[in-house]
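S.K.: Structure file upload25.txt, compact mmCIF, C-alpha atoms, is pasted below:
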```txt
# COMPACT_ATOMS: atom_id res chain seq x y z
CA MET A 1 0.00 0.00 0.00
CA THR A 2 1.34 3.44 -0.90
CA ARG A 3 1.92 6.16 1.66
CA THR A 4 -1.15 8.07 0.43
CA ALA A 5 -3.32 4.95 0.49
CA THR A 6 -2.25 4.21 4.07
CA GLN A 7 -2.86 7.80 5.19
CA TYR A 8 -6.21 7.92 3.38
CA THR A 9 -7.31 4.71 5.11
CA GLU A 10 -6.29 6.08 8.53
CA VAL A 11 -8.17 9.36 8.02
CA ILE A 12 -11.32 7.71 6.67
CA SER A 13 -11.30 5.09 9.45
CA ALA A 14 -11.34 7.84 12.07
CA CYS A 15 -14.13 9.69 10.21
CA GLN A 16 -16.21 6.55 9.76
CA ASP A 17 -15.75 5.52 13.39
CA LEU A 18 -17.10 8.89 14.53
CA PHE A 19 -19.96 8.71 11.98
CA VAL A 20 -21.10 5.27 13.15
CA LYS A 21 -20.86 6.30 16.83
CA LYS A 22 -22.97 9.39 16.13
CA THR A 23 -25.46 7.15 14.32
CA ARG A 24 -25.76 5.09 17.51
CA ASP A 25 -26.27 8.30 19.54
CA TYR A 26 -28.62 10.20 17.19
CA GLY A 27 -29.96 7.66 14.74
CA THR A 28 -30.24 8.92 11.19
CA ALA A 29 -31.96 12.23 11.91
CA TRP A 30 -29.88 13.59 8.99
CA ARG A 31 -32.24 11.75 6.62
CA VAL A 32 -34.59 14.73 6.99
CA LEU A 33 -32.02 17.05 5.34
CA ARG A 34 -32.45 18.06 1.72
CA LEU A 35 -29.29 18.38 -0.36
CA PRO A 36 -29.24 22.21 -0.29
CA SER A 37 -29.33 22.07 3.53
CA ILE A 38 -26.37 19.70 3.56
CA THR A 39 -24.51 21.95 1.11
CA ASP A 40 -25.16 24.96 3.34
CA GLN A 41 -23.87 23.03 6.39
CA LEU A 42 -20.74 22.15 4.44
CA TYR A 43 -20.33 25.78 3.40
CA ILE A 44 -20.56 26.95 7.02
CA LYS A 45 -17.85 24.50 8.08
CA ALA A 46 -15.52 25.42 5.20
CA GLN A 47 -16.09 29.15 5.77
CA ARG A 48 -15.26 28.72 9.47
CA ILE A 49 -12.00 26.97 8.57
CA ARG A 50 -11.09 29.80 6.19
CA SER A 51 -11.98 32.42 8.78
CA ILE A 52 -9.74 30.77 11.39
CA GLN A 53 -6.93 30.41 8.83
CA GLU A 54 -7.15 34.12 8.00
CA LYS A 55 -7.51 35.37 11.59
CA GLY A 56 -5.03 32.95 13.10
CA THR A 57 -7.25 32.56 16.17
CA GLN A 58 -10.54 30.99 17.12
CA LYS A 59 -13.04 31.42 19.94
CA ILE A 60 -14.98 28.15 19.61
CA ALA A 61 -13.14 25.02 20.76
CA ASP A 62 -13.91 22.81 17.72
CA SER A 63 -10.61 22.44 15.87
CA ILE A 64 -9.96 22.87 12.17
CA ARG A 65 -9.26 19.13 12.12
CA ASP A 66 -12.75 18.46 13.55
CA GLU A 67 -14.29 20.71 10.89
CA PHE A 68 -12.55 18.80 8.08
CA ILE A 69 -13.85 15.55 9.58
CA GLY A 70 -17.32 17.13 9.61
CA ILE A 71 -16.92 18.11 5.96
CA ILE A 72 -16.04 14.54 5.02
CA ASN A 73 -18.95 13.11 6.96
CA TYR A 74 -21.50 15.62 5.66
CA CYS A 75 -20.35 14.87 2.10
CA VAL A 76 -20.90 11.18 2.83
CA ILE A 77 -24.39 12.08 4.09
CA ALA A 78 -25.05 13.95 0.85
CA LEU A 79 -23.87 11.04 -1.27
CA ILE A 80 -25.99 8.59 0.76
CA GLN A 81 -28.98 10.90 0.39
CA LEU A 82 -28.45 10.89 -3.38
CA ARG A 83 -28.54 7.08 -3.31
CA LEU A 84 -31.66 7.00 -1.16
CA ARG A 85 -33.46 9.84 -2.91
CA GLU A 86 -36.51 7.72 -3.68
CA SER A 87 -36.60 6.01 -0.29
CA ALA A 88 -38.96 7.34 2.36
CA VAL A 89 -37.23 5.30 5.08
CA MET A 90 -35.97 7.73 7.68
CA GLU A 91 -34.28 5.44 10.16
CA LEU A 92 -31.39 3.24 9.05
CA SER A 93 -29.55 0.80 11.29
CA PRO A 94 -25.91 1.47 12.15
CA GLN A 95 -25.04 -1.57 10.01
CA GLU A 96 -26.87 -0.12 6.98
CA VAL A 97 -25.21 3.25 7.53
CA ALA A 98 -21.78 1.59 7.75
CA ARG A 99 -22.45 -0.29 4.50
CA TYR A 100 -23.54 2.89 2.67
CA TYR A 101 -20.53 4.73 4.09
CA GLU A 102 -18.20 2.03 2.74
CA GLU A 103 -19.84 2.13 -0.71
CA VAL A 104 -19.53 5.90 -0.96
CA ILE A 105 -15.92 5.91 0.21
CA THR A 106 -14.92 3.05 -2.10
CA GLU A 107 -16.14 5.04 -5.11
CA THR A 108 -14.59 8.27 -3.81
CA ARG A 109 -11.27 6.59 -3.12
CA GLN A 110 -11.19 5.19 -6.66
CA LEU A 111 -11.63 8.75 -7.97
CA LEU A 112 -8.70 9.82 -5.77
CA GLU A 113 -6.50 7.02 -7.08
CA ASP A 114 -7.35 7.87 -10.69
CA LYS A 115 -6.65 11.58 -10.18
CA ASN A 116 -3.46 10.89 -8.20
CA HIS A 117 -2.24 8.79 -11.11
CA ASP A 118 -2.87 11.61 -13.59
CA TYR A 119 -1.79 14.52 -11.40
CA GLY A 120 1.14 12.83 -9.65
CA GLU A 121 0.00 13.74 -6.14
CA ALA A 122 0.25 17.46 -6.84
CA TRP A 123 -1.88 18.03 -3.72
CA ARG A 124 1.18 17.29 -1.58
CA ASP A 125 2.69 20.57 -2.80
CA MET A 126 -0.47 22.55 -2.08
CA ARG A 127 -1.22 24.59 1.02
CA VAL A 128 -4.10 23.64 3.33
CA GLY A 129 -5.47 27.16 2.82
CA SER A 130 -5.53 26.68 -0.95
CA MET A 131 -7.38 23.39 -0.58
CA THR A 132 -9.85 25.11 1.74
CA ASP A 133 -10.48 27.67 -1.01
CA ILE A 134 -11.01 24.87 -3.54
CA ILE A 135 -13.51 23.22 -1.20
CA LEU A 136 -15.38 26.53 -0.93
CA MET A 137 -15.32 26.95 -4.73
CA LYS A 138 -16.71 23.44 -5.22
CA LEU A 139 -19.46 24.18 -2.69
CA LEU A 140 -20.38 27.35 -4.57
CA ARG A 141 -20.55 25.24 -7.74
CA VAL A 142 -22.85 22.76 -6.01
CA LYS A 143 -25.06 25.61 -4.80
CA GLN A 144 -25.31 26.92 -8.37
CA ILE A 145 -26.17 23.46 -9.70
CA GLU A 146 -28.82 23.11 -6.99
CA ASP A 147 -30.21 26.54 -7.87
CA ASN A 148 -30.40 25.32 -11.49
CA ALA A 149 -32.50 22.32 -10.35
CA GLY A 150 -29.55 19.98 -10.95
CA VAL A 151 -29.29 20.81 -14.65
CA THR A 152 -25.81 21.28 -16.07
CA LEU A 153 -24.77 21.91 -19.67
CA VAL A 154 -21.19 20.62 -19.63
CA SER A 155 -20.23 20.28 -15.97
CA GLU A 156 -20.04 17.32 -13.66
CA GLY A 157 -22.91 16.99 -11.25
CA VAL A 158 -23.14 17.40 -7.51
CA ALA A 159 -21.97 13.87 -6.67
CA ALA A 160 -18.56 14.39 -8.32
CA ASN A 161 -18.15 17.70 -6.47
CA TYR A 162 -18.99 16.07 -3.11
CA GLN A 163 -16.41 13.36 -3.88
CA ASP A 164 -13.76 15.96 -4.72
CA ILE A 165 -14.56 17.78 -1.49
CA ILE A 166 -14.11 14.57 0.50
CA ASN A 167 -10.75 13.97 -1.12
CA TYR A 168 -9.51 17.53 -0.56
CA ALA A 169 -10.63 17.36 3.08
CA VAL A 170 -8.73 14.07 3.48
CA PHE A 171 -5.66 15.72 1.94
CA CYS A 172 -5.99 18.59 4.42
CA LEU A 173 -6.19 16.17 7.34
CA ILE A 174 -3.15 14.28 6.07
CA LYS A 175 -1.17 17.53 5.74
CA LEU A 176 -2.31 18.77 9.16
CA GLY A 177 -1.29 15.43 10.64
CA GLU A 178 2.12 15.62 9.00
CA GLN A 179 2.59 19.19 10.27
CA SER A 180 1.76 18.12 13.83
CA GLY A 181 3.89 14.99 13.59
CA SER A 182 1.08 12.41 13.56
CA ASN A 183 -0.22 10.34 10.63
CA SER A 184 -3.88 11.32 10.79
```
Now that the file is in, can you turn its structure into structure tokens?

M.R.:
Amino acid sequence: MTRTATQYTEVISACQDLFVKKTRDYGTAWRVLRLPSITDQLYIKAQRIRSIQEKGTQKIADSIRDEFIGIINYCVIALIQLRLRESAVMELSPQEVARYYEEVITETRQLLEDKNHDYGEAWRDMRVGSMTDIILMKLLRVKQIEDNAGVTLVSEGVAANYQDIINYAVFCLIKLGEQSGSNS
């Protein structure tokens, strides 16, 4: 397994562990959220990260690392919601949630591997702040697609943008971990 693959697995394992634990605590109350609400929640988290990066200080205890984990998990929620769009079932078991999480991440990880092959891991030379900006840009794209009722002329849809956001957030967590001396 490559260094990136190992780091990716470590980051996603921590995110998934938290997601499943929260499912046990709260159930799947997130099933009530429409995609634009999820996008807005993601935007708030990304904007908070950018604000802290620019100011250099924060007043709320939740760390930037925690916000990136939240971004990953809300993107997973969005991708699960896309899969379950026609389903009226609100409550899913933790086992079902874990299975959907795995499916979404398997597809998203494949996208990462394909892009890493083509781009040669260029993300490793990027700044966390730049990746935060890209996440915000992708969220603004998703908002525009949502405002256009999901219709695009030549652009990828919302699912591909959510996947890219997951991968950039994972990259940010890897880089933050490397900066602090830990792997995740």

S.K.: A:Gln53, A:Gln16, A:Gln81, A:Gln47: which is nearest A:Trp30, counting only C-alpha atoms?

M.R.: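 When distances to A:Trp30 are compared using only C-alpha atoms, the smallest one comes from A:Gln81.
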
S.K.: Calculate how many Å separate atom CA of A:Glu146 from atom CA of A:Thr106, rounding to one decimal.

M.R.: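 These atoms are spaced 24.9 Å apart.
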
S.K.: Measure the distance from atom CA of A:Leu111 to atom CA of A:Gln41 in Å and round it to one decimal.

M.R.: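 Taking atom CA of A:Leu111 as the start and atom CA of A:Gln41 as the end point, the length is 23.7 Å.
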
S.K.: Please indicate the distance in Å from atom CA of A:Gln179 to atom CA of A:Ile135, rounded to one decimal place.

M.R.: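 Going from atom CA of A:Gln179 over to atom CA of A:Ile135 covers 20.2 Å.
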
S.K.: Taking all atoms listed in the file into account, name the residue in A:Leu176, A:Val170, A:Ile60, A:Leu84 that is nearest to A:Arg127.

M.R.: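 Closest residue, counting all atoms listed in the file: A:Leu176.
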
S.K.: Which residues are near A:Gln110? Cut-off 12 Å, all atoms listed in the file, ignore same chain within fewer than 3 positions. Put them as a CSV table (one decimal) with C-alpha atoms, keeping the file's coordinate frame.

M.R.:
```csv
chain,number,residue,atom,x,y,z
A,5,ALA,CA,-3.3,5.0,0.5
A,8,TYR,CA,-6.2,7.9,3.4
A,103,GLU,CA,-19.8,2.1,-0.7
A,104,VAL,CA,-19.5,5.9,-1.0
A,105,ILE,CA,-15.9,5.9,0.2
A,106,THR,CA,-14.9,3.0,-2.1
A,107,GLU,CA,-16.1,5.0,-5.1
A,113,GLU,CA,-6.5,7.0,-7.1
A,114,ASP,CA,-7.4,7.9,-10.7
A,115,LYS,CA,-6.6,11.6,-10.2
A,116,ASN,CA,-3.5,10.9,-8.2
A,117,HIS,CA,-2.2,8.8,-11.1
A,160,ALA,CA,-18.6,14.4,-8.3
A,163,GLN,CA,-16.4,13.4,-3.9
A,164,ASP,CA,-13.8,16.0,-4.7
A,167,ASN,CA,-10.8,14.0,-1.1
```

S.K.: Ranking A:Ile134, A:Gly129, A:Glu10, A:Leu139 by minimum distance to A:Gly56 and counting only C-alpha atoms, which one comes first?

M.R.: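 So, comparing all the options, the nearest one is A:Gly129.
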
S.K.: So that I can see what lies close to A:Arg24, please list as JSON, numbers by chain the residues with an atom at most 10 Å from it, counting all atoms listed in the file and leaving out residues fewer than 5 positions away in the same chain.

M.R.: {"A": [18, 19, 93, 94]}
